[in-house]
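Okay, so here's the structure we're looking at.
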Amino acid sequence: MASTDNESHRRIIGIDIDDVLISTHSKPLNDFYNAKFGTSWKKEDYHSHNLEEVWGGTREEAVDIVNEYLNSQEHDKSPAIEYAKEAITQLAKHNSLVLVTARNQDMEEKTLTILNTHFIGIFNKIYFTNQFVKDSKAEKRSKSSVCKELGVEIFIDDALHNAEDIASVGIPVLLFDQPWNQTDTLPPLITRVHSWKEILKKLS
Ligand SMILES: [Mg+2]
């Protein structure tokens, strides 16, 4: 006989990957860039999520560098964000956790490999929204449309433009504090958080 526990509603929490679960901009990508170009950017220099506004050059050049990084060995050493594993493990007991990333679908294998390094067997699904596709082979989608379709009830992201997009369809967002998402005021439904410990407290 089915237990009522199994039938009870499990809240659907949507989670971003880069700089929420694993460190990207502030560590391996920055190290990759500095090593390649002899620069000395630091985490606090990343005042924008649009990397060309930090590095200079065009959007296309920045996207090319990110794609090169994603396919590099440095990517495969990306550390988990502090306390993410512990918090995620707790949340997975009573919630359904889905990942919605800006990454392209063709990064699936590399993405699963790094996620399995830190978070094996925890997530229910991963959706790639293909934000960086250069051709029309893969469908580019907004995170908000994917979240709506999945019935996501709350989302965790570090990119302000994604947080605004998701909040605009009525889904509350926890914005993981980073140098690139600073702003004087946050729209309704977006709450700034500073750590996975804080997120766990809010969602428990
Ligand atoms: Mg991110």
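Each chain in the structure tokens gets a letter, A, B, ..., in the order shown, and its residues are numbered from 1; ligands are numbered from 1 in order too.
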
**Request:** All residues within 12 Å of ligand 1 are required, counting only C-alpha atoms and all ligand atoms; please report them as a ChimeraX atom specification.
**Result:** /A:15-26,49-50,81,99-103,131,143,155-163,175-178,180-181

**Request:** Please identify which residues in stretch 72-172 of chain A DSSP calls strand (DSSP E) from the backbone, and express them as a list in words.
**Result:**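 Listing strand (DSSP E) positions across stretch 72-172 of chain A yields Asn95, Ser96, Leu97, Val98, Leu99, Val100, Thr101, Lys125, Ile126, Tyr127, Phe128, Ile154, Phe155, Ile156 and Asp157 of chain A.
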
**Asked** What lies within 10 Å of A:His75 using only C-alpha atoms, ignoring chain neighbours under 2 positions off, as JSON, numbers by chain?
**Response** {"A": [22, 23, 24, 27, 28, 29, 32, 68, 69, 70, 71, 72, 73, 77, 78, 79, 110, 111, 114]}

**Request:** Could you pull out the residues in chain A that DSSP calls helix (DSSP H, G or I) from the backbone, as an MDAnalysis selection string?
**Result:** chainID A and resid 4:7 25:37 43:45 52:55 59:70 75:77 84:91 105:119 143:150 160:167 179:181 196:203

Per residue of stretch 65-108 of chain A within 12 Å of stretch 190-194 of chain A, record the nearest atom pair and its distance in Å to one decimal, counting only C-alpha atoms, with rows in chain order and ascending residue number, as a Markdown table.
| residue | atom | partner | partner_atom | distance |
| --- | --- | --- | --- | --- |
| A:Ile81 | CA | A:His194 | CA | 11.5 |
| A:Glu82 | CA | A:His194 | CA | 10.9 |
| A:Tyr83 | CA | A:His194 | CA | 11.6 |
| A:Ala84 | CA | A:His194 | CA | 12.0 |

**Asked** Which residue, A:Glu52, A:Asp45, A:Glu74, A:Glu60, has the smallest gap to A:Asp31 when you use only C-alpha atoms?
**Response**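 The answer is A:Glu74, which sits nearest to A:Asp31.
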
**Nearest-residue call for A:Ala80, choices A:Asn116, A:Ser168, A:Ser142, A:Thr58, using only C-alpha atoms** =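 Among A:Asn116, A:Ser168, A:Ser142, A:Thr58, it is A:Asn116 that comes nearest to A:Ala80.
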
**Message:** When you count only C-alpha atoms, which of these residues is closest to A:Thr113: A:Lys137, A:Gly38, A:Asp76, A:Val98?
**Reply:** A:Asp76
